[in-house]
Amino acid sequence: MVVRRMSSFPDELLEHVLAFLSSHRDRNSVSLVCKSWFRIEAGSRQRVFIGNCYAVSPAILIRRFPRIKSVALKGKPHFADFNMVPPGWGADVHPWLVAMAEAYPWLEELRLKRMVITDESLELLARSFPNFKVLVLTSCDGFSTDGLAAIAAHCRHITELDLQESDIDDRGGHWLSCFPDSCTSLVSLNFACLNSEVNFEALERLVARCTSLRSLKLNRLVPLELLHRLLVRAPHLEDLGTGAYLHEPRTEQYSKLKVALQNCKGLQSLSGFWEVAPGYLPLVESVCSNLTSLNLSYATIQSAELTNLLGHCHKLQRLWYLQVLDYIEDKGLEVVASTCKDLQELRVFPLDPYGQGAVTEEGLVTISKGCPKLTSVLYFCCQMTNAALITVARNSPLLTCFRLCIIDPTSPDHLTKQPLDEGFGTIVQYCKSLRRLSMAGLLTDKVFQVIGTYGKCLEMLSVAFAGQSDFGMQCVLSGCTNLRKLEIRDSPFGDLALLAGSEKYESMRSLWMSSCSVTVHGCKELAAKMRNLNVEVIHDRDQFEDISTMTQPVDGLYVYRSVAGHRKDTPHFIYTM
Amino acid sequence: MRDEEVKGWPPIQAYRKISLGSLTKPSAENQQGAMAESFLQGHKNSLYVKVNMDGMPIGRKVDLNAFKSYEILARDLEDQVRAYIPSGNRQVAKPLMLLDPAADFVLTYEDSEGDYMLIGDIPWKVFLNTVKRLRIMKNLGTNTIAEMCSKRRKTT
């Protein structure tokens, strides 16, 4: 009997097969099969995703993957979005760029999220990678428009420049004029987060010569009166982010813009809309029927006009929406529920969290009844009931992401005054594909018990002001077999709970705990027990001289697995145990 | 009620925290803007409301804008009202506990529709916009209060 060993399988054939695998998870699984598969996969991988920039080092990356063209890196913990991570925490991309400039001169794509990137780094990037095509900076900071000028000027083949929600030192709009006349390759440009005016003529010429442009997100300073000039030059646009519409349109402007908009027959996604003068809304209505994605989360459109608009959006799959100061409350969502039968993702943001006109549980129930394809919800509201959550669970079993925020974080069921354990428990039980959950309101250990029992698909859990004892956290750690990210704030979980998950954290990306009951002693014990974890205590040094003798709970704790050892760039307020 | 100054709460990114000031200016057609303006105004100035207590002939006035939450308001009222209870009454020493449904007195308010409501159900700032006056009522017994509450829920 001949036993055909895997190593007799030609490498090239395996490589060819692997080329069909694009998902990072699939490739990671392949690499675990055997040594030769590990080697072949590593040699052929071109795109790498690093979910925590401190879990691995540039040197380790380069040693394993010699042919990388595309890198995605994530830095700060998620709660950094809400100012819960002090400035200077870290996640500087510069060491990565220095290493990659030497090892991957053919690098084409860099996608960063919650990382720090300086102008110096941007200049290094622009000079080091002649084939560079895609730069996406999501929620990043540390740079100015001067750095953008370097990218514009030197990246001759750039196809995508996306500054999503980054915090940029805006020194003026001159950077846009730095794209040379020879640059014709842009497919996607997003500078919506910038606050100064770019030269309109330069923008117009850029749009005109980039005939492959499909996505254009302008900032609020691009005057609406001139928008039609851009649209006329980019009739193949699929994704448009408008500027602000401050003044009511003159008839001539209105008709020019109407023609230009209708000419963009492929327009599927709209966003922007700061300060919309109501006279423009009928224009938007004329393109609504083709839209699959609508982001009105900056638009302070009054509710009546908004509901008119939404009534035309029959193909909408994704809606981001801002509650307006209004007495009609859930009415806008009723229109969505009756019109948008293909809706998959809904995000409702608060205008003034403590003001009137906030949506209630009724809006969410209405949506769940009317939109059978609902998979992703982010909902800020002023009140909730268990009954509503149970109804949502029954109507929307396909939910993969459910994030609820009640403005008062410990509010109970507003009718029964009971905790919301039952409601959230039912969500986890019925929504068998639930991967991400963010809870709100008054919650006891009971809900964590249910989550531990039924949340087998759960990958990310966010907890705030919830639970009664260590038992709650222990349930989650022992029951949620697929948990990757756990973030907890202001909850009564202490050292016992922390240590209960010791081995678990090695299979997770990270654990964040702030304003809980964890002490330095517990953190030290965890660090001593688990050598592959970085246990980082965040505490303000000014108050205490010697943190190791501190008995009170720590301000914050960040635990993550790493093959790169302890960080070498910790600021003064971080103590590695 | 949570102190609104809690760090990182609500969990919204900074660039999304659109202030009320960015709403369109109030105009004749723009009723919503006008409401926004008055909402803002109400918070800059004082908001004095009458406070009456069952059995007391003379009422007080309090500036609701001086308080941040129901707890602080209740405590302040408890302090003020205690001074009026005759010293011969042995029950002086007992605290009023206005937010406790089992206590001798409950704190209620008259809303914009003229109904008397138990305090504490709606967010503090929403309450500020709807409250017309306060009334410290004798507690008619938990059952009656519960009845009142359930009746109220059925109509809202």
# chains A, B, ... in the order shown; residues from 1 in each chain; ligands from 1
$ residues_around --residues "B:Gln13" --least-positions-apart "2" --cutoff "12 Å" --atoms "only C-alpha atoms" --output "NGL selection string"
(:A and (78-84 or 139 or 165-167 or 349-350)) or (:B and (8-11 or 15-18))
$ residues_around --residues "stretch 424-428 of chain A" --least-positions-apart "6" --cutoff "7 Å" --atoms "only C-alpha atoms" --output "PDB file with C-alpha atoms, in the first residue's frame"
ATOM      1  CA  LEU A 389     -36.513  43.121  23.398  1.00  0.00           C
ATOM      2  CA  ILE A 390     -38.315  39.791  23.373  1.00  0.00           C
ATOM      3  CA  ALA A 393     -35.603  38.651  19.311  1.00  0.00           C
ATOM      4  CA  LEU A 434     -25.221  36.775  17.185  1.00  0.00           C
ATOM      5  CA  VAL A 447     -28.214  37.932  31.973  1.00  0.00           C
ATOM      6  CA  VAL A 450     -27.907  33.222  29.848  1.00  0.00           C
ATOM      7  CA  ILE A 451     -25.174  34.691  27.662  1.00  0.00           C
ATOM      8  CA  TYR A 454     -26.510  30.471  24.687  1.00  0.00           C
ATOM      9  CA  GLY A 455     -23.936  32.898  23.328  1.00  0.00           C
TER      10      GLY A 455
END
$ residues_around --residues "B:Val51" --least-positions-apart "2" --cutoff "10 Å" --atoms "only C-alpha atoms" --output "VMD selection string"
chain B and resid 48 to 49 53 58 to 62 77 81 107 to 109 132 to 136
$ write_last_selection --atoms "N, CA and C atoms" --output "tab-separated table (two decimals), in the first residue's frame"
chain	number	residue	atom	x	y	z
B	48	TYR	N	-38.02	78.52	38.20
B	48	TYR	CA	-38.67	78.47	39.51
B	48	TYR	C	-40.04	77.83	39.42
B	49	VAL	N	-40.30	76.86	40.29
B	49	VAL	CA	-41.64	76.28	40.37
B	49	VAL	C	-42.09	76.28	41.83
B	53	MET	N	-47.01	71.46	50.05
B	53	MET	CA	-47.03	70.20	50.78
B	53	MET	C	-48.37	70.04	51.45
B	58	ILE	N	-48.63	77.34	53.57
B	58	ILE	CA	-47.74	78.20	52.79
B	58	ILE	C	-46.76	77.34	51.99
B	59	GLY	N	-46.61	77.68	50.70
B	59	GLY	CA	-45.70	76.91	49.86
B	59	GLY	C	-44.34	77.55	49.73
B	60	ARG	N	-43.47	76.85	48.96
B	60	ARG	CA	-42.12	77.38	48.70
B	60	ARG	C	-41.95	77.49	47.20
B	61	LYS	N	-40.82	78.08	46.82
B	61	LYS	CA	-40.46	78.06	45.40
B	61	LYS	C	-39.03	77.57	45.29
B	62	VAL	N	-38.78	76.69	44.31
B	62	VAL	CA	-37.40	76.22	44.10
B	62	VAL	C	-37.00	76.44	42.65
B	77	LEU	N	-35.43	69.36	49.15
B	77	LEU	CA	-36.80	69.58	49.62
B	77	LEU	C	-36.99	69.00	51.02
B	81	VAL	N	-38.40	71.23	54.08
B	81	VAL	CA	-39.73	70.95	54.64
B	81	VAL	C	-39.63	70.54	56.11
B	107	LEU	N	-43.30	62.62	46.50
B	107	LEU	CA	-43.08	63.82	45.71
B	107	LEU	C	-43.74	63.63	44.34
B	108	THR	N	-44.64	64.57	44.03
B	108	THR	CA	-45.30	64.49	42.72
B	108	THR	C	-45.15	65.84	42.02
B	109	TYR	N	-45.48	65.85	40.74
B	109	TYR	CA	-45.41	67.11	40.00
B	109	TYR	C	-46.59	67.23	39.05
B	132	LYS	N	-44.66	71.80	35.89
B	132	LYS	CA	-45.28	73.11	36.13
B	132	LYS	C	-45.19	73.49	37.60
B	133	ARG	N	-45.38	72.53	38.47
B	133	ARG	CA	-45.26	72.76	39.92
B	133	ARG	C	-45.02	71.42	40.59
B	134	LEU	N	-44.55	71.49	41.84
B	134	LEU	CA	-44.32	70.27	42.61
B	134	LEU	C	-45.33	70.18	43.75
B	135	ARG	N	-45.61	68.96	44.16
B	135	ARG	CA	-46.51	68.79	45.31
B	135	ARG	C	-46.05	67.59	46.12
B	136	ILE	N	-45.86	67.86	47.40
B	136	ILE	CA	-45.50	66.77	48.31
B	136	ILE	C	-46.79	66.26	48.92
$ residues_around --residues "A:Pro553" --least-positions-apart "4" --cutoff "12 Å" --atoms "only C-alpha atoms" --output "JSON list (two decimals) with N, CA, C and O atoms, in the first residue's frame"
[["chain", "number", "residue", "atom", "x", "y", "z"],
["A", 490, "ASP", "N", -17.15, 50.02, 34.55],
["A", 490, "ASP", "CA", -18.04, 50.34, 35.66],
["A", 490, "ASP", "C", -18.93, 49.19, 36.07],
["A", 490, "ASP", "O", -20.16, 49.34, 36.21],
["A", 491, "SER", "N", -18.33, 48.03, 36.25],
["A", 491, "SER", "CA", -19.10, 46.85, 36.68],
["A", 491, "SER", "C", -18.35, 46.17, 37.82],
["A", 491, "SER", "O", -17.13, 46.23, 37.88],
["A", 492, "PRO", "N", -19.08, 45.51, 38.74],
["A", 492, "PRO", "CA", -18.45, 45.01, 39.97],
["A", 492, "PRO", "C", -17.72, 43.68, 39.81],
["A", 492, "PRO", "O", -17.93, 42.75, 40.59],
["A", 493, "PHE", "N", -16.84, 43.59, 38.82],
["A", 493, "PHE", "CA", -16.07, 42.35, 38.63],
["A", 493, "PHE", "C", -14.66, 42.58, 39.14],
["A", 493, "PHE", "O", -14.05, 43.60, 38.84],
["A", 494, "GLY", "N", -14.16, 41.60, 39.91],
["A", 494, "GLY", "CA", -12.86, 41.79, 40.53],
["A", 494, "GLY", "C", -11.86, 40.71, 40.17],
["A", 494, "GLY", "O", -11.98, 40.05, 39.14],
["A", 495, "ASP", "N", -10.88, 40.55, 41.05],
["A", 495, "ASP", "CA", -9.75, 39.65, 40.78],
["A", 495, "ASP", "C", -10.19, 38.21, 40.54],
["A", 495, "ASP", "O", -9.64, 37.51, 39.70],
["A", 513, "MET", "N", -10.91, 46.22, 30.96],
["A", 513, "MET", "CA", -11.74, 46.46, 32.14],
["A", 513, "MET", "C", -11.38, 47.82, 32.70],
["A", 513, "MET", "O", -10.21, 48.07, 33.01],
["A", 514, "SER", "N", -12.38, 48.68, 32.86],
["A", 514, "SER", "CA", -12.09, 49.98, 33.48],
["A", 514, "SER", "C", -13.15, 50.28, 34.54],
["A", 514, "SER", "O", -14.31, 49.92, 34.37],
["A", 515, "SER", "N", -12.70, 50.94, 35.59],
["A", 515, "SER", "CA", -13.57, 51.28, 36.73],
["A", 515, "SER", "C", -14.32, 50.06, 37.25],
["A", 515, "SER", "O", -15.52, 50.12, 37.53],
["A", 516, "CYS", "N", -13.62, 48.93, 37.32],
["A", 516, "CYS", "CA", -14.18, 47.72, 37.91],
["A", 516, "CYS", "C", -13.51, 47.51, 39.27],
["A", 516, "CYS", "O", -12.99, 48.45, 39.84],
["A", 517, "SER", "N", -13.51, 46.26, 39.76],
["A", 517, "SER", "CA", -12.94, 46.04, 41.09],
["A", 517, "SER", "C", -11.64, 45.25, 41.04],
["A", 517, "SER", "O", -11.25, 44.61, 42.02],
["A", 518, "VAL", "N", -10.96, 45.31, 39.93],
["A", 518, "VAL", "CA", -9.72, 44.55, 39.78],
["A", 518, "VAL", "C", -8.57, 45.31, 40.46],
["A", 518, "VAL", "O", -8.47, 46.52, 40.33],
["A", 519, "THR", "N", -7.72, 44.57, 41.19],
["A", 519, "THR", "CA", -6.59, 45.23, 41.86],
["A", 519, "THR", "C", -5.26, 44.82, 41.23],
["A", 519, "THR", "O", -5.20, 43.87, 40.45],
["A", 520, "VAL", "N", -4.21, 45.53, 41.62],
["A", 520, "VAL", "CA", -2.87, 45.23, 41.12],
["A", 520, "VAL", "C", -2.49, 43.79, 41.46],
["A", 520, "VAL", "O", -1.87, 43.08, 40.67],
["A", 521, "HIS", "N", -2.91, 43.36, 42.63],
["A", 521, "HIS", "CA", -2.58, 42.00, 43.07],
["A", 521, "HIS", "C", -3.11, 40.96, 42.09],
["A", 521, "HIS", "O", -2.40, 40.03, 41.68],
["A", 522, "GLY", "N", -4.39, 41.14, 41.69],
["A", 522, "GLY", "CA", -5.00, 40.21, 40.74],
["A", 522, "GLY", "C", -4.28, 40.24, 39.40],
["A", 522, "GLY", "O", -4.03, 39.20, 38.78],
["A", 523, "CYS", "N", -3.93, 41.45, 38.96],
["A", 523, "CYS", "CA", -3.24, 41.59, 37.67],
["A", 523, "CYS", "C", -1.88, 40.91, 37.69],
["A", 523, "CYS", "O", -1.48, 40.23, 36.74],
["A", 537, "VAL", "N", -1.71, 47.54, 33.26],
["A", 537, "VAL", "CA", -2.55, 48.34, 34.16],
["A", 537, "VAL", "C", -2.45, 49.80, 33.73],
["A", 537, "VAL", "O", -1.35, 50.31, 33.50],
["A", 538, "ILE", "N", -3.60, 50.44, 33.64],
["A", 538, "ILE", "CA", -3.62, 51.86, 33.29],
["A", 538, "ILE", "C", -3.98, 52.62, 34.56],
["A", 538, "ILE", "O", -5.07, 52.44, 35.10],
["A", 539, "HIS", "N", -3.07, 53.41, 35.04],
["A", 539, "HIS", "CA", -3.36, 54.16, 36.26],
["A", 539, "HIS", "C", -2.53, 55.42, 36.27],
["A", 539, "HIS", "O", -1.36, 55.41, 35.90],
["A", 547, "ILE", "N", 2.91, 51.76, 42.58],
["A", 547, "ILE", "CA", 1.67, 51.10, 42.21],
["A", 547, "ILE", "C", 1.60, 49.68, 42.74],
["A", 547, "ILE", "O", 0.53, 49.14, 42.96],
["A", 548, "SER", "N", 2.75, 49.06, 42.96],
["A", 548, "SER", "CA", 2.73, 47.66, 43.33],
["A", 548, "SER", "C", 2.18, 47.43, 44.73],
["A", 548, "SER", "O", 1.78, 46.32, 45.06],
["A", 549, "THR", "N", 2.13, 48.50, 45.54],
["A", 549, "THR", "CA", 1.57, 48.30, 46.88],
["A", 549, "THR", "C", 0.12, 48.80, 46.97],
["A", 549, "THR", "O", -0.49, 48.80, 48.02],
["A", 557, "LEU", "N", -7.52, 48.25, 32.91],
["A", 557, "LEU", "CA", -6.70, 47.06, 32.67],
["A", 557, "LEU", "C", -6.90, 46.63, 31.24],
["A", 557, "LEU", "O", -8.03, 46.58, 30.75]]
$ closest_residue --among "B:Met56, B:Ala66, B:Val131, B:Val126" --to "chain A" --atoms "only C-alpha atoms"
B:Val126
$ residues_around --residues "stretch 364-376 of chain A" --least-positions-apart "2" --cutoff "9 Å" --atoms "only C-alpha atoms" --output "PyMOL selection string"
chain A and resi 317+330+333-334+336-347+359-362+378-379+388-389+391-403+434
$ select_by_dssp --residues "stretch 181-319 of chain A" --states "strand (DSSP E or B)" --output "MDAnalysis selection string"
chainID A and resid 188:190 198 215:217 239:241 245 269:271 276 293:296 318:319
$ write_last_selection --atoms "N, CA, C and O atoms" --output "PDB file, in the first residue's frame"
ATOM      1  N   SER A 188     -11.373  56.135  -5.181  1.00  0.00           N
ATOM      2  CA  SER A 188     -12.109  56.511  -3.977  1.00  0.00           C
ATOM      3  C   SER A 188     -11.373  57.609  -3.219  1.00  0.00           C
ATOM      4  O   SER A 188     -10.189  57.490  -2.934  1.00  0.00           O
ATOM      5  N   LEU A 189     -12.105  58.687  -2.912  1.00  0.00           N
ATOM      6  CA  LEU A 189     -11.527  59.796  -2.161  1.00  0.00           C
ATOM      7  C   LEU A 189     -12.508  60.222  -1.082  1.00  0.00           C
ATOM      8  O   LEU A 189     -13.647  60.565  -1.373  1.00  0.00           O
ATOM      9  N   ASN A 190     -12.063  60.197   0.178  1.00  0.00           N
ATOM     10  CA  ASN A 190     -12.936  60.574   1.294  1.00  0.00           C
ATOM     11  C   ASN A 190     -12.210  61.544   2.205  1.00  0.00           C
ATOM     12  O   ASN A 190     -11.312  61.170   2.940  1.00  0.00           O
ATOM     13  N   VAL A 198     -10.993  73.226   0.315  1.00  0.00           N
ATOM     14  CA  VAL A 198     -10.016  72.900  -0.722  1.00  0.00           C
ATOM     15  C   VAL A 198     -10.286  73.790  -1.925  1.00  0.00           C
ATOM     16  O   VAL A 198     -11.383  74.327  -2.076  1.00  0.00           O
ATOM     17  N   SER A 215     -16.166  56.591  -5.731  1.00  0.00           N
ATOM     18  CA  SER A 215     -16.597  57.016  -4.406  1.00  0.00           C
ATOM     19  C   SER A 215     -15.961  58.358  -4.073  1.00  0.00           C
ATOM     20  O   SER A 215     -14.744  58.498  -4.105  1.00  0.00           O
ATOM     21  N   LEU A 216     -16.816  59.350  -3.796  1.00  0.00           N
ATOM     22  CA  LEU A 216     -16.319  60.694  -3.501  1.00  0.00           C
ATOM     23  C   LEU A 216     -17.061  61.233  -2.294  1.00  0.00           C
ATOM     24  O   LEU A 216     -18.272  61.432  -2.338  1.00  0.00           O
ATOM     25  N   LYS A 217     -16.332  61.458  -1.207  1.00  0.00           N
ATOM     26  CA  LYS A 217     -16.969  61.989  -0.003  1.00  0.00           C
ATOM     27  C   LYS A 217     -16.332  63.326   0.322  1.00  0.00           C
ATOM     28  O   LYS A 217     -15.193  63.402   0.776  1.00  0.00           O
ATOM     29  N   ASP A 239     -20.941  56.243  -4.961  1.00  0.00           N
ATOM     30  CA  ASP A 239     -20.998  56.578  -3.549  1.00  0.00           C
ATOM     31  C   ASP A 239     -20.643  58.057  -3.399  1.00  0.00           C
ATOM     32  O   ASP A 239     -19.546  58.471  -3.733  1.00  0.00           O
ATOM     33  N   LEU A 240     -21.608  58.843  -2.935  1.00  0.00           N
ATOM     34  CA  LEU A 240     -21.381  60.284  -2.830  1.00  0.00           C
ATOM     35  C   LEU A 240     -21.609  60.788  -1.425  1.00  0.00           C
ATOM     36  O   LEU A 240     -22.640  60.492  -0.805  1.00  0.00           O
ATOM     37  N   GLY A 241     -20.641  61.570  -0.934  1.00  0.00           N
ATOM     38  CA  GLY A 241     -20.819  62.248   0.343  1.00  0.00           C
ATOM     39  C   GLY A 241     -20.884  63.734   0.048  1.00  0.00           C
ATOM     40  O   GLY A 241     -19.919  64.300  -0.456  1.00  0.00           O
ATOM     41  N   TYR A 245     -25.610  72.126   2.806  1.00  0.00           N
ATOM     42  CA  TYR A 245     -26.598  72.803   1.968  1.00  0.00           C
ATOM     43  C   TYR A 245     -27.195  73.935   2.784  1.00  0.00           C
ATOM     44  O   TYR A 245     -28.312  73.868   3.256  1.00  0.00           O
ATOM     45  N   SER A 269     -25.077  54.972  -2.883  1.00  0.00           N
ATOM     46  CA  SER A 269     -24.816  55.295  -1.492  1.00  0.00           C
ATOM     47  C   SER A 269     -24.664  56.804  -1.326  1.00  0.00           C
ATOM     48  O   SER A 269     -23.929  57.448  -2.080  1.00  0.00           O
ATOM     49  N   LEU A 270     -25.374  57.358  -0.347  1.00  0.00           N
ATOM     50  CA  LEU A 270     -25.313  58.786  -0.076  1.00  0.00           C
ATOM     51  C   LEU A 270     -24.983  59.047   1.380  1.00  0.00           C
ATOM     52  O   LEU A 270     -25.468  58.345   2.268  1.00  0.00           O
ATOM     53  N   SER A 271     -24.182  60.096   1.606  1.00  0.00           N
ATOM     54  CA  SER A 271     -23.868  60.463   2.986  1.00  0.00           C
ATOM     55  C   SER A 271     -23.566  61.962   3.017  1.00  0.00           C
ATOM     56  O   SER A 271     -23.722  62.650   2.009  1.00  0.00           O
ATOM     57  N   VAL A 276     -28.903  70.711   6.105  1.00  0.00           N
ATOM     58  CA  VAL A 276     -29.606  70.633   4.828  1.00  0.00           C
ATOM     59  C   VAL A 276     -30.751  71.630   4.793  1.00  0.00           C
ATOM     60  O   VAL A 276     -31.656  71.573   5.608  1.00  0.00           O
ATOM     61  N   SER A 293     -27.580  52.422   0.432  1.00  0.00           N
ATOM     62  CA  SER A 293     -26.979  52.871   1.677  1.00  0.00           C
ATOM     63  C   SER A 293     -27.196  54.373   1.844  1.00  0.00           C
ATOM     64  O   SER A 293     -26.949  55.149   0.923  1.00  0.00           O
ATOM     65  N   LEU A 294     -27.672  54.778   3.000  1.00  0.00           N
ATOM     66  CA  LEU A 294     -27.960  56.192   3.260  1.00  0.00           C
ATOM     67  C   LEU A 294     -27.470  56.543   4.659  1.00  0.00           C
ATOM     68  O   LEU A 294     -27.893  55.949   5.642  1.00  0.00           O
ATOM     69  N   ASN A 295     -26.567  57.511   4.710  1.00  0.00           N
ATOM     70  CA  ASN A 295     -26.015  57.915   5.993  1.00  0.00           C
ATOM     71  C   ASN A 295     -26.441  59.344   6.277  1.00  0.00           C
ATOM     72  O   ASN A 295     -25.893  60.294   5.726  1.00  0.00           O
ATOM     73  N   LEU A 296     -27.440  59.480   7.125  1.00  0.00           N
ATOM     74  CA  LEU A 296     -27.947  60.796   7.489  1.00  0.00           C
ATOM     75  C   LEU A 296     -27.557  61.142   8.915  1.00  0.00           C
ATOM     76  O   LEU A 296     -28.230  61.931   9.578  1.00  0.00           O
ATOM     77  N   ARG A 318     -28.880  49.709   4.145  1.00  0.00           N
ATOM     78  CA  ARG A 318     -28.127  50.249   5.262  1.00  0.00           C
ATOM     79  C   ARG A 318     -28.604  51.670   5.542  1.00  0.00           C
ATOM     80  O   ARG A 318     -28.626  52.513   4.652  1.00  0.00           O
ATOM     81  N   LEU A 319     -28.994  51.964   6.768  1.00  0.00           N
ATOM     82  CA  LEU A 319     -29.456  53.308   7.121  1.00  0.00           C
ATOM     83  C   LEU A 319     -28.827  53.769   8.419  1.00  0.00           C
ATOM     84  O   LEU A 319     -28.952  53.106   9.449  1.00  0.00           O
TER      85      LEU A 319
END
$ residues_around --residues "stretch 200-209 of chain A" --least-positions-apart "3" --cutoff "8 Å" --atoms "only C-alpha atoms" --output "ChimeraX atom specification"
/A:176-177,179,181,183-184,213,222,229-230,233-234
$ atom_distance --atom1 "atom CA of A:Ala192" --atom2 "atom CA of A:Val98"
29.0 Å
$ atom_distance --atom1 "atom CA of A:Ala464" --atom2 "atom CA of A:Met439"
7.2 Å
